[in-house]
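A.B. asks: Next comes the structure file model22.txt, holding compact mmCIF, C-alpha atoms.
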```txt
# COMPACT_ATOMS: atom_id res chain seq x y z
CA MET A 4 -0.11 -18.31 43.42
CA SER A 5 1.66 -20.61 40.97
CA GLY A 6 4.35 -19.34 38.62
CA MET A 7 2.18 -20.27 35.62
CA LEU A 8 -0.78 -18.23 36.88
CA LEU A 9 1.49 -15.24 37.46
CA LEU A 10 2.80 -15.56 33.91
CA VAL A 11 -0.77 -15.76 32.55
CA ILE A 12 -1.75 -12.60 34.48
CA LEU A 13 1.28 -10.74 33.16
CA VAL A 14 0.61 -11.86 29.58
CA VAL A 15 -3.02 -10.65 29.91
CA LEU A 16 -1.65 -7.28 31.09
CA LEU A 17 0.77 -7.32 28.14
CA ALA A 18 -2.20 -7.94 25.80
CA LEU A 19 -3.98 -4.93 27.28
CA ALA A 20 -0.76 -2.93 26.90
CA PHE A 21 -0.79 -3.91 23.22
CA ASP A 22 -4.40 -2.73 23.04
CA TYR A 23 -3.33 0.55 24.59
CA SER A 24 -0.49 0.84 22.07
CA ASN A 25 -3.01 0.05 19.32
CA GLY A 26 -5.18 2.96 20.42
CA PHE A 27 -2.11 5.16 20.77
CA HIS A 28 -0.73 4.11 17.37
CA ASP A 29 -4.12 4.32 15.66
CA ALA A 30 -5.21 7.58 17.31
CA ALA A 31 -4.15 9.24 14.08
CA ASN A 32 -6.66 7.15 12.13
CA SER A 33 -9.50 8.34 14.33
CA ILE A 34 -8.60 12.02 14.47
CA ALA A 35 -6.41 12.84 11.46
CA THR A 36 -9.17 14.08 9.18
CA ILE A 37 -11.06 16.06 11.81
CA VAL A 38 -7.81 17.70 12.98
CA ALA A 39 -6.54 18.35 9.45
CA THR A 40 -9.81 20.14 8.60
CA ARG A 41 -9.56 22.12 11.88
CA VAL A 42 -13.03 21.11 13.03
CA LEU A 43 -11.58 20.09 16.41
CA LYS A 44 -8.29 20.73 18.16
CA PRO A 45 -6.14 17.62 18.67
CA LEU A 46 -6.96 17.15 22.36
CA GLN A 47 -10.69 17.59 21.70
CA ALA A 48 -10.47 15.14 18.80
CA VAL A 49 -8.77 12.38 20.77
CA ALA A 50 -11.33 12.70 23.59
CA TRP A 51 -14.16 12.44 21.03
CA ALA A 52 -12.58 9.39 19.38
CA ALA A 53 -11.80 7.69 22.71
CA PHE A 54 -15.45 8.03 23.80
CA PHE A 55 -16.71 6.20 20.71
CA ASN A 56 -13.94 3.59 20.97
CA PHE A 57 -15.34 2.68 24.38
CA VAL A 58 -19.02 2.90 23.40
CA ALA A 59 -18.31 0.25 20.75
CA ALA A 60 -18.12 -2.29 23.61
CA PHE A 61 -21.92 -2.19 23.85
CA THR A 62 -22.68 -2.70 20.16
CA PHE A 63 -23.22 -5.84 18.06
CA ASP A 64 -21.45 -9.20 18.33
CA VAL A 65 -17.77 -10.05 18.91
CA SER A 66 -17.29 -11.74 15.53
CA VAL A 67 -13.76 -10.41 15.02
CA ALA A 68 -12.71 -11.73 18.46
CA LYS A 69 -13.94 -15.20 17.44
CA THR A 70 -11.88 -15.02 14.24
CA ILE A 71 -8.71 -14.10 16.11
CA GLY A 72 -9.37 -16.68 18.84
CA LYS A 73 -10.02 -19.68 16.61
CA GLY A 74 -9.88 -18.65 12.95
CA ILE A 75 -6.23 -17.74 12.28
CA VAL A 76 -4.33 -20.58 13.98
CA GLU A 77 -5.60 -23.79 15.55
CA PRO A 78 -6.43 -23.17 19.24
CA GLN A 79 -4.54 -26.37 20.12
CA ALA A 80 -1.35 -24.72 18.84
CA VAL A 81 -1.64 -21.91 21.37
CA ASP A 82 -0.11 -21.73 24.82
CA VAL A 83 0.97 -18.91 27.10
CA LEU A 84 4.40 -18.66 25.47
CA VAL A 85 2.88 -18.42 21.97
CA ILE A 86 0.71 -15.51 23.10
CA LEU A 87 3.65 -13.90 24.88
CA SER A 88 5.81 -14.17 21.75
CA CYS A 89 2.96 -12.95 19.56
CA LEU A 90 2.55 -9.82 21.68
CA VAL A 91 6.27 -9.12 21.81
CA GLY A 92 6.44 -9.30 18.01
CA ALA A 93 3.37 -7.10 17.52
CA ILE A 94 4.39 -4.48 20.08
CA GLY A 95 7.96 -4.45 18.76
CA TRP A 96 6.73 -3.72 15.25
CA ASN A 97 4.23 -1.12 16.53
CA ILE A 98 6.95 0.77 18.36
CA THR A 99 9.29 0.61 15.36
CA THR A 100 6.74 2.02 12.93
CA TRP A 101 5.43 4.57 15.43
CA TYR A 102 8.99 5.87 15.91
CA PHE A 103 9.31 6.47 12.17
CA GLY A 104 5.79 7.93 11.93
CA LEU A 105 4.45 5.20 9.64
CA PRO A 106 0.70 4.36 10.00
CA THR A 107 1.05 0.59 9.63
CA SER A 108 -1.52 -1.90 10.85
CA SER A 109 -1.46 -2.92 14.51
CA SER A 110 -4.05 -5.56 13.61
CA HIS A 111 -1.89 -7.27 11.04
CA ALA A 112 1.12 -7.00 13.36
CA LEU A 113 -0.89 -8.99 15.92
CA ILE A 114 -1.94 -11.56 13.32
CA GLY A 115 1.62 -11.84 12.04
CA GLY A 116 2.91 -12.34 15.58
CA LEU A 117 0.35 -15.08 16.24
CA ILE A 118 1.23 -16.88 13.01
CA GLY A 119 4.99 -16.65 13.60
CA ALA A 120 4.92 -17.98 17.17
CA ALA A 121 2.36 -20.74 16.49
CA THR A 122 4.31 -21.92 13.43
CA VAL A 123 7.53 -22.29 15.40
CA ARG A 124 5.71 -24.24 18.12
CA SER A 125 3.48 -26.50 16.00
CA GLY A 126 4.55 -26.17 12.36
CA VAL A 127 2.81 -24.62 9.36
CA ASP A 128 -0.19 -26.95 9.77
CA ALA A 129 -1.22 -24.81 12.76
CA VAL A 130 -2.13 -21.96 10.41
CA ILE A 131 -5.76 -21.97 9.18
CA LEU A 132 -5.86 -20.88 5.55
CA VAL A 133 -9.68 -20.84 5.30
CA ASP A 134 -11.96 -21.88 8.17
CA PRO A 135 -14.37 -24.58 6.90
CA GLU A 136 -17.01 -23.37 9.39
CA LYS A 137 -16.93 -19.77 8.16
CA ALA A 138 -15.33 -18.62 4.91
CA THR A 139 -14.48 -15.15 6.25
CA ARG A 140 -12.10 -16.66 8.83
CA GLY A 141 -8.55 -17.72 8.06
CA LEU A 142 -5.26 -16.33 6.81
CA LEU A 143 -6.32 -16.11 3.15
CA PRO A 144 -9.45 -13.96 3.74
CA THR A 145 -7.42 -11.74 6.07
CA ALA A 146 -4.64 -11.40 3.49
CA LEU A 147 -7.22 -10.68 0.79
CA PHE A 148 -8.65 -7.82 2.81
CA ILE A 149 -5.22 -6.25 3.14
CA VAL A 150 -5.92 -5.26 -0.46
CA LEU A 151 -9.72 -5.03 -0.35
CA SER A 152 -10.15 -2.84 2.75
CA PRO A 153 -8.18 0.18 1.42
CA THR A 154 -9.69 -0.39 -2.02
CA LEU A 155 -13.23 -0.35 -0.61
CA GLY A 156 -12.37 2.72 1.46
CA MET A 157 -10.96 4.47 -1.61
CA LEU A 158 -13.92 3.62 -3.85
CA LEU A 159 -16.48 4.65 -1.22
CA GLY A 160 -14.56 7.85 -0.52
CA LEU A 161 -14.40 8.62 -4.23
CA LEU A 162 -18.13 7.92 -4.74
CA LEU A 163 -19.28 9.84 -1.66
CA MET A 164 -17.13 12.86 -2.46
CA THR A 165 -18.16 12.85 -6.13
CA GLY A 166 -21.83 12.58 -5.15
CA ALA A 167 -21.54 15.35 -2.58
CA LEU A 168 -19.80 17.69 -5.05
CA TRP A 169 -22.49 17.02 -7.67
CA LEU A 170 -25.37 17.57 -5.24
CA LEU A 171 -23.84 20.76 -3.89
CA ARG A 172 -22.53 22.10 -7.21
CA ASN A 173 -24.79 25.21 -7.05
CA ALA A 174 -24.59 25.76 -3.28
CA HIS A 175 -22.74 28.65 -1.68
CA PRO A 176 -19.42 27.50 -0.14
CA GLY A 177 -20.08 29.22 3.21
CA PRO A 178 -23.16 27.24 4.32
CA VAL A 179 -21.72 24.03 2.84
CA ASN A 180 -18.57 24.42 4.90
CA THR A 181 -20.57 25.19 8.06
CA TRP A 182 -22.78 22.11 7.73
CA ALA A 183 -19.86 19.90 6.72
CA ARG A 184 -18.01 20.90 9.89
CA ARG A 185 -21.02 19.91 12.00
CA LEU A 186 -21.60 16.64 10.16
CA GLN A 187 -17.93 15.75 10.42
CA LEU A 188 -18.43 15.36 14.17
CA VAL A 189 -20.96 12.62 13.37
CA SER A 190 -18.80 10.95 10.72
CA SER A 191 -15.76 11.04 12.99
CA GLY A 192 -17.73 9.41 15.81
CA PHE A 193 -19.04 6.77 13.39
CA TYR A 194 -15.52 5.97 12.21
CA SER A 195 -14.23 5.71 15.80
CA LEU A 196 -17.12 3.36 16.61
CA GLY A 197 -16.01 1.10 13.74
CA HIS A 198 -12.41 1.36 14.93
CA GLY A 199 -13.40 0.20 18.41
CA MET A 200 -15.59 -2.61 17.03
CA ASN A 201 -12.72 -3.96 14.96
CA ASP A 202 -9.47 -3.36 16.81
CA ALA A 203 -10.46 -3.91 20.45
CA GLN A 204 -11.96 -7.28 19.50
CA LYS A 205 -8.59 -8.56 18.34
CA THR A 206 -7.20 -8.23 21.85
CA MET A 207 -10.35 -9.88 23.23
CA GLY A 208 -9.71 -12.89 21.00
CA ILE A 209 -6.08 -13.13 22.12
CA ILE A 210 -7.00 -13.05 25.84
CA ALA A 211 -9.87 -15.51 25.35
CA VAL A 212 -7.80 -18.13 23.51
CA LEU A 213 -5.00 -17.70 26.06
CA LEU A 214 -7.31 -18.46 29.00
CA VAL A 215 -8.90 -21.45 27.27
CA SER A 216 -5.53 -22.93 26.26
CA VAL A 217 -3.93 -22.66 29.72
CA GLN A 218 -6.94 -23.62 31.86
CA PRO A 219 -6.07 -27.37 32.00
CA HIS A 220 -2.55 -26.52 33.21
CA VAL A 221 -3.40 -23.89 35.86
CA PRO A 222 -5.24 -25.31 38.93
CA GLU A 223 -6.56 -21.90 39.95
CA LEU A 224 -8.32 -21.49 36.58
CA GLN A 225 -9.86 -24.97 36.59
CA SER A 226 -12.24 -23.93 39.36
CA ALA A 227 -12.74 -20.37 38.08
CA PRO A 228 -16.36 -19.06 37.89
CA ALA A 229 -18.20 -18.96 34.57
CA TRP A 230 -18.09 -15.15 34.36
CA LEU A 231 -14.28 -15.23 34.39
CA MET A 232 -13.57 -17.91 31.78
CA PRO A 233 -14.63 -18.02 28.11
CA PRO A 234 -16.19 -21.31 26.94
CA ARG A 235 -14.01 -23.92 25.25
CA ASN A 236 -15.62 -23.24 21.86
CA LEU A 237 -14.88 -19.50 22.17
CA GLU A 238 -18.41 -18.65 21.05
CA HIS A 239 -18.68 -15.75 23.46
CA VAL A 240 -16.31 -13.50 25.41
CA PRO A 241 -16.79 -12.63 29.12
CA TRP A 242 -17.81 -9.05 29.82
CA TRP A 243 -14.71 -8.26 31.85
CA ILE A 244 -12.53 -8.97 28.79
CA ILE A 245 -14.77 -6.86 26.54
CA LEU A 246 -14.75 -3.86 28.90
CA ALA A 247 -11.01 -4.14 29.65
CA ALA A 248 -10.12 -4.27 25.94
CA HIS A 249 -12.29 -1.29 25.02
CA ALA A 250 -11.06 0.72 28.01
CA ALA A 251 -7.43 0.05 27.03
CA ILE A 252 -7.89 1.10 23.40
CA ALA A 253 -9.87 4.18 24.48
CA LEU A 254 -7.09 5.22 26.88
CA GLY A 255 -4.52 4.68 24.14
CA THR A 256 -6.53 6.83 21.74
CA LEU A 257 -6.84 9.48 24.45
CA SER A 258 -3.03 9.56 24.67
CA GLY A 259 -2.81 10.40 20.97
CA GLY A 260 -0.15 9.85 18.35
CA TRP A 261 0.79 13.21 16.88
CA ARG A 262 3.61 12.05 14.58
CA ILE A 263 1.24 9.80 12.63
CA VAL A 264 -1.56 12.44 12.59
CA ARG A 265 0.70 14.63 10.49
CA THR A 266 1.30 11.85 7.93
CA MET A 267 -2.33 10.78 7.71
CA GLY A 268 -4.10 14.13 7.69
CA MET A 269 -1.65 16.56 6.16
CA ARG A 270 0.93 14.81 4.00
CA ILE A 271 -1.21 12.43 1.92
CA THR A 272 -3.58 15.13 0.63
CA GLU A 273 -5.07 18.42 1.80
CA LEU A 274 -8.58 18.03 3.26
CA GLU A 275 -11.57 20.34 3.69
CA PRO A 276 -14.46 19.55 6.08
CA LEU A 277 -16.61 18.07 3.29
CA GLY A 278 -13.77 15.80 2.21
CA GLY A 279 -13.04 14.81 5.79
CA MET A 280 -16.68 13.89 6.34
CA CYS A 281 -16.77 11.74 3.19
CA ALA A 282 -13.49 9.99 4.07
CA GLU A 283 -14.63 9.15 7.61
CA THR A 284 -18.04 7.95 6.43
CA ALA A 285 -16.48 5.73 3.75
CA ALA A 286 -14.00 4.22 6.22
CA GLY A 287 -16.68 3.79 8.91
CA LEU A 288 -19.00 1.91 6.54
CA THR A 289 -16.16 -0.43 5.55
CA LEU A 290 -15.10 -1.08 9.16
CA VAL A 291 -18.59 -1.73 10.52
CA GLY A 292 -19.42 -4.03 7.59
CA THR A 293 -16.27 -6.10 7.99
CA ALA A 294 -16.61 -6.23 11.79
CA LEU A 295 -20.13 -7.65 11.46
CA SER A 296 -18.72 -10.26 9.06
CA GLY A 297 -15.93 -11.19 11.47
CA ILE A 298 -13.13 -10.05 9.15
CA PRO A 299 -10.16 -8.50 11.01
CA VAL A 300 -9.25 -5.63 8.68
CA SER A 301 -6.83 -2.79 9.25
CA THR A 302 -8.37 0.51 10.30
CA THR A 303 -5.18 2.22 9.10
CA HIS A 304 -5.45 0.76 5.61
CA THR A 305 -9.12 1.66 5.40
CA ILE A 306 -8.93 5.34 6.39
CA THR A 307 -5.84 5.85 4.24
CA GLY A 308 -7.66 4.45 1.22
CA ALA A 309 -10.66 6.68 1.93
CA ILE A 310 -8.44 9.79 2.18
CA VAL A 311 -6.77 8.89 -1.13
CA GLY A 312 -10.19 8.41 -2.77
CA VAL A 313 -11.41 11.80 -1.57
CA GLY A 314 -8.19 13.54 -2.67
CA ALA A 315 -8.38 11.99 -6.14
CA THR A 316 -11.75 13.71 -6.84
CA ARG A 317 -10.00 17.05 -7.16
CA ARG A 318 -7.24 15.87 -9.45
CA PHE A 319 -5.02 12.84 -9.59
CA SER A 320 -1.97 14.87 -8.62
CA ALA A 321 -3.69 16.11 -5.43
CA VAL A 322 -2.65 12.85 -3.79
CA ARG A 323 0.98 12.73 -2.73
CA TRP A 324 1.65 9.30 -4.14
CA GLY A 325 5.22 9.15 -2.83
CA VAL A 326 3.98 9.30 0.77
CA ALA A 327 1.22 6.79 -0.01
CA ALA A 328 3.77 4.40 -1.58
CA THR A 329 5.97 4.54 1.54
CA ILE A 330 2.96 3.64 3.68
CA VAL A 331 2.00 0.75 1.38
CA TRP A 332 5.49 -0.73 1.62
CA ALA A 333 5.23 -0.60 5.41
CA TRP A 334 1.89 -2.47 5.16
CA VAL A 335 3.35 -5.18 2.92
CA ILE A 336 6.10 -6.10 5.38
CA THR A 337 3.99 -5.84 8.56
CA ILE A 338 2.84 -9.48 8.81
CA PRO A 339 6.22 -11.05 7.91
CA ALA A 340 8.14 -8.59 10.11
CA ALA A 341 5.93 -9.15 13.16
CA ALA A 342 5.91 -12.90 12.48
CA THR A 343 9.72 -12.94 12.40
CA MET A 344 9.97 -11.00 15.68
CA ALA A 345 7.47 -13.35 17.34
CA ALA A 346 9.16 -16.48 15.96
CA LEU A 347 12.56 -15.39 17.26
CA THR A 348 11.03 -14.58 20.65
CA TYR A 349 9.44 -18.03 20.85
CA LEU A 350 12.70 -19.72 19.87
CA VAL A 351 14.29 -18.08 22.93
CA VAL A 352 11.43 -18.17 25.44
CA GLY A 353 9.98 -21.53 24.35
CA ARG A 354 13.25 -23.28 25.03
CA LEU A 355 14.15 -21.30 28.14
CA PHE A 356 10.93 -21.29 30.18
CA PRO A 357 10.28 -25.08 30.41
CA VAL A 358 13.72 -25.76 31.90
CA LEU A 359 13.61 -22.94 34.44
CA PRO A 360 13.04 -23.71 38.12
CA PRO A 361 10.10 -21.92 39.82
CA VAL A 362 12.39 -19.07 40.88
CA GLY A 363 13.50 -18.63 37.29
CA GLN A 364 9.90 -18.54 36.10
CA TRP A 365 9.16 -15.84 38.63
CA LEU A 366 12.18 -13.88 37.41
CA LEU A 367 10.95 -14.21 33.83
CA GLY A 368 7.61 -12.81 34.97
CA ALA A 369 9.41 -9.94 36.67
CA ALA A 370 11.31 -9.24 33.44
CA ILE A 371 8.01 -9.04 31.53
CA ALA A 372 6.65 -6.67 34.18
CA ALA A 373 9.77 -4.51 33.80
CA LEU A 374 9.24 -4.39 30.02
CA LEU A 375 5.64 -3.31 30.60
CA LEU A 376 6.78 -0.53 32.90
CA GLN A 377 9.46 0.61 30.46
CA ALA A 378 6.93 0.69 27.61
CA PHE A 379 4.51 2.69 29.74
CA LEU A 380 7.18 5.24 30.68
CA ALA A 381 8.27 5.60 27.05
CA TRP A 382 4.71 6.23 25.89
CA TRP A 383 4.07 8.62 28.76
CA ARG A 384 7.06 10.72 27.71
CA SER A 385 5.74 10.75 24.14
CA VAL A 386 2.27 11.72 25.40
CA ARG A 387 3.74 14.73 27.18
CA SER A 388 5.62 15.82 24.08
CA GLY A 389 2.50 15.13 21.96
CA ARG A 390 0.46 17.42 24.20
CA ALA A 391 3.02 20.15 23.73
CA LEU A 392 2.72 19.77 19.96
CA ALA A 393 -1.08 19.65 20.14
CA HIS A 394 -1.21 23.07 21.75
```
Can you present the structure in this file as structure tokens?
C.D. replies:
Amino acid sequence: MSGMLLLVILVVLLALAFDYSNGFHDAANSIATIVATRVLKPLQAVAWAAFFNFVAAFTFDVSVAKTIGKGIVEPQAVDVLVILSCLVGAIGWNITTWYFGLPTSSSHALIGGLIGAATVRSGVDAVILVDPEKATRGLLPTALFIVLSPTLGMLLGLLLMTGALWLLRNAHPGPVNTWARRLQLVSSGFYSLGHGMNDAQKTMGIIAVLLVSVQPHVPELQSAPAWLMPPRNLEHVPWWIILAAHAAIALGTLSGGWRIVRTMGMRITELEPLGGMCAETAAGLTLVGTALSGIPVSTTHTITGAIVGVGATRRFSAVRWGVAATIVWAWVITIPAAATMAALTYLVVGRLFPVLPPVGQWLLGAAIAALLLQAFLAWWRSVRSGRALAH
């Protein structure tokens, strides 16, 4: 096995580790409302969300994966070290914001990391502002939906909650609450399906463009079977990548993220089952619609906007705007922060790896493996403490 192939394998594992961290970090998005309304206990909620995260593998097209693979930066600007640096930047930012309990976007951290590393390697011309083949691909549409996705979530949440309150204005609260609790299981599953459709596909795109970019330089991959390698035009993704990405995000969701659950479901606004159902439905509609259009939006932004919209139907002051403002500031700096981390990583790795002898390349691979193990152990400790809190 060549040193380059070993590095590619380890970077693929690092991409799946990012996917796991995405599920872990975004578990709060999938379960916050259903836990805050006490429809399900935290452990039941994460199992429910993880199931629908995985089921999303068997639905619709992989449009978001295509956008990440060839619609953010030019595929020619990508190599194994760009992807490695991208993932280091994204995971570094994920861990930082998770530690402080901030529900920032793993998706935009990944995009920021990709932009930062590719820019250092190939210059700013490597960044695609708007894809001429499809207007929904590119940095500008993605940046636009940083604003539009929470806005759509908020407006839909506001409309759905207002409509539900008007339709049920003469109904007795008891039966309404009972039915809302039952329907929230459906809305929560629908939201988790949209989460899986959107977020797992970003990792698929990263792995696909990595394999295509390194194939000419790795002899073992040049003779690889068709089921293993994506096509050069990245028009479809092999099934093993799809299943691996969805399994990783489902396992991450199953691990939970209790710190962020508290921020999302309890500190932004108080929720009842009817409000939780409307928020999840609004966010799910936004996520599924954007996933079908190939737009990589943030699930965190979307569900937060929906929760704010639902809370605002009671009274404007029902939303804790100070908490919401802190979250928004974390969103604003996500892409530049992750891009900076990735750029710095590439400046070090990009200059170090090419001059290393084969033994040095193997040692670099071992160092990456050690980082993976350390990350896993850190998350496992947090999972154990999260379970204690969940009970």
A.B. asks: To one decimal place, how far is CA of Ile131 (chain A) from CA of Met157 (chain A) in Å?
C.D. replies: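 CA of Met157 (chain A) lies 29.0 Å from CA of Ile131 (chain A).
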A.B. asks: With all atoms listed in the file as the basis for distance, which of A:Ser296, A:Ser191, A:Thr305, A:Ser88 is at the shortest distance from Gly160 (chain A)?
C.D. replies: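 Residue with the minimum atom-to-atom distance to Gly160 (chain A): A:Thr305.
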A.B. asks: Between CA of His304 (chain A) and CA of Gly279 (chain A), what is the distance in Å, rounded to a tenth?
C.D. replies: 16.0 Å
A.B. asks: Could you check how far CA of Pro233 (chain A) sits from CA of Thr145 (chain A), in Å to one decimal?
C.D. replies: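 Atom-to-atom, CA of Pro233 (chain A) and CA of Thr145 (chain A) are spaced 24.0 Å apart.
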A.B. asks: For a quick check of understanding, using only C-alpha atoms, which of A:Gln187, A:Gln47, A:Thr165, A:Ser110 has the smallest distance to Pro276 (chain A)?
C.D. replies: A:Gln187
A.B. asks: Point out the residue among A:Val85, A:Ala60, A:Ala183, A:Val351 with the least atom-to-atom distance to Leu246 (chain A), counting all atoms listed in the file.
C.D. replies: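 Using all atoms listed in the file, Leu246 (chain A) sits closest to A:Ala60.
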A.B. asks: Would you please work out which residue, of A:Leu214, A:Ile34, A:Val67, A:Ala253, is nearest to Arg140 (chain A) when using all atoms listed in the file?
C.D. replies: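 Closest candidate: A:Val67.
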A.B. asks: Could you check the closest approach to Thr100 (chain A) for each of A:Ser226, A:Ala112, A:Val130, A:Ile252 and tell me which residue wins, using all atoms listed in the file?
C.D. replies: A:Ala112
A.B. asks: Which residue out of A:Ile298, A:Val123, A:Cys89, A:Val311 has the minimum interatomic distance to Leu147 (chain A) when only C-alpha atoms are used?
C.D. replies: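 That would be A:Ile298, the residue with the smallest distance to Leu147 (chain A).
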A.B. asks: In file coordinates, which residues lie within 9 Å of (-15.9, 8.3, 11.6) using only C-alpha atoms, given as a ChimeraX atom specification?
C.D. replies: /A:33-34,52,187-198,280,282-288
A.B. asks: Residues around (8.2, -8.0, 7.0), cut-off 12 Å, counting all atoms listed in the file - what are they as a short mmCIF file (atom, residue, chain, number, x, y, z; two decimals) with C-alpha atoms, keeping the file's coordinate frame?
C.D. replies:
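New file result-v1.cif:
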```cif
data_model
loop_
_atom_site.label_atom_id
_atom_site.label_comp_id
_atom_site.auth_asym_id
_atom_site.auth_seq_id
_atom_site.Cartn_x
_atom_site.Cartn_y
_atom_site.Cartn_z
CA GLY A 92 6.44 -9.30 18.01
CA ALA A 93 3.37 -7.10 17.52
CA TRP A 96 6.73 -3.72 15.25
CA THR A 100 6.74 2.02 12.93
CA THR A 107 1.05 0.59 9.63
CA HIS A 111 -1.89 -7.27 11.04
CA ALA A 112 1.12 -7.00 13.36
CA GLY A 115 1.62 -11.84 12.04
CA GLY A 116 2.91 -12.34 15.58
CA GLY A 119 4.99 -16.65 13.60
CA TRP A 332 5.49 -0.73 1.62
CA ALA A 333 5.23 -0.60 5.41
CA TRP A 334 1.89 -2.47 5.16
CA VAL A 335 3.35 -5.18 2.92
CA ILE A 336 6.10 -6.10 5.38
CA THR A 337 3.99 -5.84 8.56
CA ILE A 338 2.84 -9.48 8.81
CA PRO A 339 6.22 -11.05 7.91
CA ALA A 340 8.14 -8.59 10.11
CA ALA A 341 5.93 -9.15 13.16
CA ALA A 342 5.91 -12.90 12.48
CA THR A 343 9.72 -12.94 12.40
CA MET A 344 9.97 -11.00 15.68
CA ALA A 345 7.47 -13.35 17.34
#
```
A.B. asks: Could I get region 171-187 of chain A from the block written out with N, CA and C atoms, as a PDB file, in the first residue's frame?
C.D. replies:
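Ended up saving to selection-v4.pdb:
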```
ATOM      1  N   LEU A 171     -57.764  26.465  15.795  1.00  0.00           N
ATOM      2  CA  LEU A 171     -58.075  25.779  17.053  1.00  0.00           C
ATOM      3  C   LEU A 171     -58.503  26.758  18.147  1.00  0.00           C
ATOM      4  N   ARG A 172     -58.934  27.960  17.745  1.00  0.00           N
ATOM      5  CA  ARG A 172     -59.222  28.999  18.734  1.00  0.00           C
ATOM      6  C   ARG A 172     -60.365  28.616  19.674  1.00  0.00           C
ATOM      7  N   ASN A 173     -61.306  27.767  19.219  1.00  0.00           N
ATOM      8  CA  ASN A 173     -62.438  27.371  20.069  1.00  0.00           C
ATOM      9  C   ASN A 173     -62.289  25.963  20.629  1.00  0.00           C
ATOM     10  N   ALA A 174     -61.157  25.315  20.359  1.00  0.00           N
ATOM     11  CA  ALA A 174     -60.966  23.930  20.805  1.00  0.00           C
ATOM     12  C   ALA A 174     -60.511  23.890  22.259  1.00  0.00           C
ATOM     13  N   HIS A 175     -60.826  22.776  22.919  1.00  0.00           N
ATOM     14  CA  HIS A 175     -60.411  22.596  24.311  1.00  0.00           C
ATOM     15  C   HIS A 175     -58.913  22.282  24.348  1.00  0.00           C
ATOM     16  N   PRO A 176     -58.168  22.902  25.253  1.00  0.00           N
ATOM     17  CA  PRO A 176     -56.707  22.700  25.270  1.00  0.00           C
ATOM     18  C   PRO A 176     -56.273  21.246  25.463  1.00  0.00           C
ATOM     19  N   GLY A 177     -57.048  20.455  26.204  1.00  0.00           N
ATOM     20  CA  GLY A 177     -56.652  19.073  26.485  1.00  0.00           C
ATOM     21  C   GLY A 177     -56.491  18.223  25.231  1.00  0.00           C
ATOM     22  N   PRO A 178     -57.568  18.093  24.415  1.00  0.00           N
ATOM     23  CA  PRO A 178     -57.431  17.302  23.181  1.00  0.00           C
ATOM     24  C   PRO A 178     -56.401  17.879  22.198  1.00  0.00           C
ATOM     25  N   VAL A 179     -56.319  19.223  22.149  1.00  0.00           N
ATOM     26  CA  VAL A 179     -55.332  19.846  21.253  1.00  0.00           C
ATOM     27  C   VAL A 179     -53.922  19.424  21.652  1.00  0.00           C
ATOM     28  N   ASN A 180     -53.648  19.459  22.942  1.00  0.00           N
ATOM     29  CA  ASN A 180     -52.323  19.090  23.424  1.00  0.00           C
ATOM     30  C   ASN A 180     -52.020  17.619  23.154  1.00  0.00           C
ATOM     31  N   THR A 181     -53.031  16.763  23.323  1.00  0.00           N
ATOM     32  CA  THR A 181     -52.852  15.324  23.090  1.00  0.00           C
ATOM     33  C   THR A 181     -52.510  15.051  21.632  1.00  0.00           C
ATOM     34  N   TRP A 182     -53.281  15.637  20.730  1.00  0.00           N
ATOM     35  CA  TRP A 182     -53.030  15.411  19.295  1.00  0.00           C
ATOM     36  C   TRP A 182     -51.725  16.053  18.842  1.00  0.00           C
ATOM     37  N   ALA A 183     -51.405  17.212  19.409  1.00  0.00           N
ATOM     38  CA  ALA A 183     -50.152  17.876  19.037  1.00  0.00           C
ATOM     39  C   ALA A 183     -48.947  17.025  19.442  1.00  0.00           C
ATOM     40  N   ARG A 184     -49.034  16.386  20.600  1.00  0.00           N
ATOM     41  CA  ARG A 184     -47.947  15.521  21.044  1.00  0.00           C
ATOM     42  C   ARG A 184     -47.757  14.353  20.078  1.00  0.00           C
ATOM     43  N   ARG A 185     -48.848  13.789  19.595  1.00  0.00           N
ATOM     44  CA  ARG A 185     -48.753  12.672  18.643  1.00  0.00           C
ATOM     45  C   ARG A 185     -48.199  13.145  17.299  1.00  0.00           C
ATOM     46  N   LEU A 186     -48.716  14.284  16.826  1.00  0.00           N
ATOM     47  CA  LEU A 186     -48.272  14.782  15.526  1.00  0.00           C
ATOM     48  C   LEU A 186     -46.830  15.287  15.570  1.00  0.00           C
ATOM     49  N   GLN A 187     -46.363  15.651  16.757  1.00  0.00           N
ATOM     50  CA  GLN A 187     -44.988  16.118  16.833  1.00  0.00           C
ATOM     51  C   GLN A 187     -43.993  14.989  16.555  1.00  0.00           C
TER      52      GLN A 187
END
```
